[in-house]
Each structure stands twice: as structure tokens, then as C-alpha cells.
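Undergrad: Below is the file entry.txt, which contains compact mmCIF, C-alpha atoms.
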# COMPACT_ATOMS: atom_id res chain seq x y z
CA MET R 1 41.24 47.00 71.65
CA ARG R 2 39.05 44.70 69.59
CA PRO R 3 36.40 42.79 71.56
CA VAL R 4 37.69 39.40 70.37
CA LEU R 5 41.20 40.14 71.62
CA ARG R 6 39.88 41.61 74.86
CA HIS R 7 37.78 38.50 75.56
CA HIS R 8 40.70 36.24 74.63
CA LEU R 9 43.02 38.02 77.07
CA PHE R 10 40.36 38.09 79.77
CA ARG R 11 39.63 34.38 79.37
CA HIS R 12 43.27 33.31 79.61
CA GLY R 13 44.02 35.71 82.45
CA PHE R 14 40.99 34.46 84.35
CA VAL R 15 42.09 30.83 83.89
CA LEU R 16 45.66 31.64 84.96
CA LEU R 17 44.68 33.51 88.11
CA THR R 18 42.06 30.94 89.09
CA ALA R 19 44.56 28.10 88.55
CA LEU R 20 47.14 29.86 90.72
CA ASP R 21 44.52 30.41 93.43
CA LEU R 22 43.59 26.73 93.26
CA LEU R 23 47.27 25.76 93.49
CA GLY R 24 47.78 27.85 96.63
CA LEU R 25 44.53 26.77 98.25
CA SER R 26 45.14 23.08 97.65
CA ALA R 27 48.73 23.41 98.94
CA LEU R 28 47.41 25.04 102.10
CA VAL R 29 44.77 22.34 102.58
CA PHE R 30 47.22 19.49 102.01
CA ASN R 31 49.75 21.03 104.36
CA GLN R 32 47.45 22.10 107.20
CA TRP R 33 44.75 19.46 107.21
CA PHE R 34 46.67 16.39 106.09
CA GLY R 35 50.18 17.26 107.29
CA VAL R 36 51.90 16.47 103.99
CA ALA R 37 55.60 17.44 103.70
CA SER R 38 56.49 20.59 101.78
CA PRO R 39 57.85 19.21 98.46
CA GLN R 40 55.01 16.73 98.18
CA VAL R 41 52.44 19.45 98.84
CA TRP R 42 53.35 21.31 95.67
CA VAL R 43 53.37 18.15 93.57
CA LEU R 44 49.93 17.11 94.83
CA SER R 45 48.63 20.65 94.37
CA ALA R 46 49.95 20.76 90.81
CA VAL R 47 48.17 17.49 90.06
CA VAL R 48 44.92 18.91 91.43
CA MET R 49 45.36 22.12 89.45
CA LEU R 50 46.16 20.32 86.18
CA SER R 51 43.19 18.02 86.58
CA ALA R 52 40.91 21.01 87.16
CA LEU R 53 42.09 22.99 84.10
CA PRO R 54 39.32 21.74 81.75
CA LEU R 55 36.71 22.84 84.30
CA LEU R 56 38.43 26.21 84.67
CA TYR R 57 38.35 26.72 80.89
CA ARG R 58 34.62 25.95 80.85
CA LEU R 59 34.08 28.37 83.73
CA ALA R 60 36.02 31.06 81.86
CA GLU R 61 33.93 30.51 78.73
CA TYR R 62 30.78 30.90 80.82
CA VAL R 63 32.04 34.11 82.46
CA VAL R 64 33.15 35.61 79.14
CA GLY R 65 29.78 34.68 77.64
CA LEU R 66 27.99 36.49 80.45
CA ALA R 67 30.25 39.51 80.08
CA SER R 68 29.62 39.76 76.36
CA ARG R 69 25.88 39.28 76.80
CA TYR R 70 25.56 42.09 79.35
CA GLU R 71 28.14 44.40 77.80
CA SER R 72 27.04 48.00 78.07
CA GLY R 73 28.47 49.52 74.93
CA SER R 74 31.71 51.46 74.83
CA PHE R 75 34.58 51.17 77.27
CA LEU R 76 36.89 53.87 78.51
CA GLY R 77 39.69 54.66 76.10
CA GLU R 78 37.83 53.58 72.99
CA LYS R 79 37.00 55.88 70.12
CA ILE R 80 33.61 57.48 70.21
CA PRO R 81 31.93 57.05 66.81
Would you mind writing the file out in C-alpha cells?

TA:
Amino acid sequence: MRPVLRHHLFRHGFVLLTALDLLGLSALVFNQWFGVASPQVWVLSAVVMLSALPLLYRLAEYVVGLASRYESGSFLGEKIP
């Protein structure tokens, strides 16, 4: 797999999983700490998640930048030159 494609998939997967974690965590906080009803919890959590997406994309860019800076050469399954 080409490095550009690998970093693209990693970046979008990282944003997706982090956004889903944020959705679940904020739903839990709204439900347990503030006692919000169930349908409203998911709406409020979705608003929090959507407002945090630009920050999650910046975080993913930072993480991918670190991964590419400290990359140690070949990965398993790649051709050996």
C-alpha cells in the first residue's frame, strides 16, 4: 500500500473512531451527570461531536505527521527492494 493512501486511511479512521468515542462519552456525561432524557442526549452529543470535528481533524494531522516523521522503514507485507 502506498504511504499516501495508508496515511489517508489512517487519518480518516482515526477521526471516525475518535468522533464515535466523543459521541459516546458526551452521551454518558449528559445522561449521568445532568440527567438529560434519552433522545435529547444523542442530539446534544451529536452537536458536541460535530462542533469538535475541526479539532479532531487537526489532531489527526498532527498524529499522522508524527507517524510519518518517526517511520522506521518498511512495513510487514511490503516488497523488499

Undergrad: Excluding Ser45 of chain R and any residue of its chain fewer than 3 positions from it, enumerate the residues within 12 Å of it, using all atoms listed in the file, and give them as a short mmCIF file (atom, residue, chain, number, x, y, z; two decimals) with C-alpha atoms, in the frame of the given file.

TA:
data_model
loop_
_atom_site.label_atom_id
_atom_site.label_comp_id
_atom_site.auth_asym_id
_atom_site.auth_seq_id
_atom_site.Cartn_x
_atom_site.Cartn_y
_atom_site.Cartn_z
CA ALA R 19 44.56 28.10 88.55
CA LEU R 20 47.14 29.86 90.72
CA ASP R 21 44.52 30.41 93.43
CA LEU R 22 43.59 26.73 93.26
CA LEU R 23 47.27 25.76 93.49
CA GLY R 24 47.78 27.85 96.63
CA LEU R 25 44.53 26.77 98.25
CA SER R 26 45.14 23.08 97.65
CA ALA R 27 48.73 23.41 98.94
CA LEU R 28 47.41 25.04 102.10
CA VAL R 29 44.77 22.34 102.58
CA PHE R 30 47.22 19.49 102.01
CA ASN R 31 49.75 21.03 104.36
CA VAL R 36 51.90 16.47 103.99
CA SER R 38 56.49 20.59 101.78
CA PRO R 39 57.85 19.21 98.46
CA GLN R 40 55.01 16.73 98.18
CA VAL R 41 52.44 19.45 98.84
CA TRP R 42 53.35 21.31 95.67
CA VAL R 48 44.92 18.91 91.43
CA MET R 49 45.36 22.12 89.45
CA LEU R 50 46.16 20.32 86.18
CA SER R 51 43.19 18.02 86.58
CA ALA R 52 40.91 21.01 87.16
#

Undergrad: I'd like the interatomic distance between atom CA of Val64 of chain R and atom CA of Ala46 of chain R, to a tenth of an Å.

TA: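 Between atom CA of Val64 of chain R and atom CA of Ala46 of chain R the gap is 25.3 Å.
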
Undergrad: Taking every listed atom of segment 40-53 of chain R and adding 5 Å to each side, what centre and edge lengths in Å (one decimal) does the axis-aligned box have, as AutoDock Vina command-line options?

TA:
--center_x 48.0 --center_y 19.9 --center_z 91.5 --size_x 24.1 --size_y 16.3 --size_z 24.7

Undergrad: Find the residues around Leu56 of chain R up to 8 Å (all atoms listed in the file counted), leave out those fewer than 2 positions away in its own chain, and share them as a ChimeraX atom specification.

TA: /R:15,18-19,52-54,58-60

Undergrad: Atom CA of His12 of chain R and atom CA of Glu61 of chain R are how many Å apart?

TA: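 Going from atom CA of His12 of chain R over to atom CA of Glu61 of chain R covers 9.8 Å.
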
Undergrad: Point out the residue among R:His7, R:Leu17, R:Leu44, R:Leu55 with the least atom-to-atom distance to Arg69 of chain R, counting all atoms listed in the file.

TA: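 Looking only at the distances to Arg69 of chain R, the closest residue turns out to be R:His7.
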
Undergrad: May I ask for the distance between atom CA of Tyr70 of chain R and atom CA of Tyr57 of chain R, given in Å to one decimal place?

TA: 20.1 Å

Undergrad: Reconstruct N, CA and C atoms of segment 5-34 of chain R; output as a CSV table (one decimal), keeping the file's coordinate frame.

TA:
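Result written to part08.csv:
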chain,number,residue,atom,x,y,z
R,5,LEU,N,39.9,40.2,70.9
R,5,LEU,CA,41.2,40.1,71.6
R,5,LEU,C,41.0,40.4,73.1
R,6,ARG,N,40.1,41.3,73.5
R,6,ARG,CA,39.9,41.6,74.9
R,6,ARG,C,39.3,40.4,75.6
R,7,HIS,N,38.4,39.7,74.9
R,7,HIS,CA,37.8,38.5,75.6
R,7,HIS,C,38.8,37.4,75.6
R,8,HIS,N,39.7,37.3,74.6
R,8,HIS,CA,40.7,36.2,74.6
R,8,HIS,C,41.7,36.5,75.8
R,9,LEU,N,42.1,37.7,76.0
R,9,LEU,CA,43.0,38.0,77.1
R,9,LEU,C,42.3,37.8,78.4
R,10,PHE,N,41.1,38.2,78.5
R,10,PHE,CA,40.4,38.1,79.8
R,10,PHE,C,40.2,36.6,80.1
R,11,ARG,N,39.9,35.8,79.1
R,11,ARG,CA,39.6,34.4,79.4
R,11,ARG,C,40.9,33.7,79.9
R,12,HIS,N,42.0,34.0,79.2
R,12,HIS,CA,43.3,33.3,79.6
R,12,HIS,C,43.8,33.9,80.9
R,13,GLY,N,43.6,35.1,81.2
R,13,GLY,CA,44.0,35.7,82.4
R,13,GLY,C,43.2,35.2,83.6
R,14,PHE,N,41.9,35.0,83.3
R,14,PHE,CA,41.0,34.5,84.4
R,14,PHE,C,41.4,33.0,84.7
R,15,VAL,N,41.7,32.2,83.7
R,15,VAL,CA,42.1,30.8,83.9
R,15,VAL,C,43.4,30.8,84.7
R,16,LEU,N,44.4,31.6,84.3
R,16,LEU,CA,45.7,31.6,85.0
R,16,LEU,C,45.5,32.0,86.4
R,17,LEU,N,44.8,33.1,86.7
R,17,LEU,CA,44.7,33.5,88.1
R,17,LEU,C,43.9,32.5,88.9
R,18,THR,N,42.8,31.9,88.4
R,18,THR,CA,42.1,30.9,89.1
R,18,THR,C,42.9,29.7,89.3
R,19,ALA,N,43.7,29.3,88.4
R,19,ALA,CA,44.6,28.1,88.6
R,19,ALA,C,45.6,28.3,89.6
R,20,LEU,N,46.2,29.6,89.7
R,20,LEU,CA,47.1,29.9,90.7
R,20,LEU,C,46.5,29.9,92.1
R,21,ASP,N,45.3,30.4,92.2
R,21,ASP,CA,44.5,30.4,93.4
R,21,ASP,C,44.2,29.0,93.9
R,22,LEU,N,43.9,28.1,92.9
R,22,LEU,CA,43.6,26.7,93.3
R,22,LEU,C,44.9,26.0,93.7
R,23,LEU,N,46.0,26.3,93.1
R,23,LEU,CA,47.3,25.8,93.5
R,23,LEU,C,47.6,26.1,94.9
R,24,GLY,N,47.5,27.4,95.3
R,24,GLY,CA,47.8,27.8,96.6
R,24,GLY,C,46.8,27.3,97.7
R,25,LEU,N,45.5,27.3,97.3
R,25,LEU,CA,44.5,26.8,98.2
R,25,LEU,C,44.7,25.3,98.5
R,26,SER,N,45.0,24.5,97.4
R,26,SER,CA,45.1,23.1,97.6
R,26,SER,C,46.4,22.8,98.4
R,27,ALA,N,47.5,23.6,98.2
R,27,ALA,CA,48.7,23.4,98.9
R,27,ALA,C,48.5,23.7,100.4
R,28,LEU,N,47.7,24.7,100.7
R,28,LEU,CA,47.4,25.0,102.1
R,28,LEU,C,46.6,23.9,102.7
R,29,VAL,N,45.6,23.4,102.0
R,29,VAL,CA,44.8,22.3,102.6
R,29,VAL,C,45.6,21.1,102.8
R,30,PHE,N,46.4,20.7,101.8
R,30,PHE,CA,47.2,19.5,102.0
R,30,PHE,C,48.2,19.6,103.1
R,31,ASN,N,48.8,20.8,103.3
R,31,ASN,CA,49.8,21.0,104.4
R,31,ASN,C,49.1,21.1,105.7
R,32,GLN,N,48.0,21.9,105.9
R,32,GLN,CA,47.4,22.1,107.2
R,32,GLN,C,46.5,21.0,107.7
R,33,TRP,N,45.7,20.5,106.8
R,33,TRP,CA,44.8,19.5,107.2
R,33,TRP,C,45.3,18.1,107.2
R,34,PHE,N,46.2,17.8,106.2
R,34,PHE,CA,46.7,16.4,106.1
R,34,PHE,C,48.1,16.2,106.5
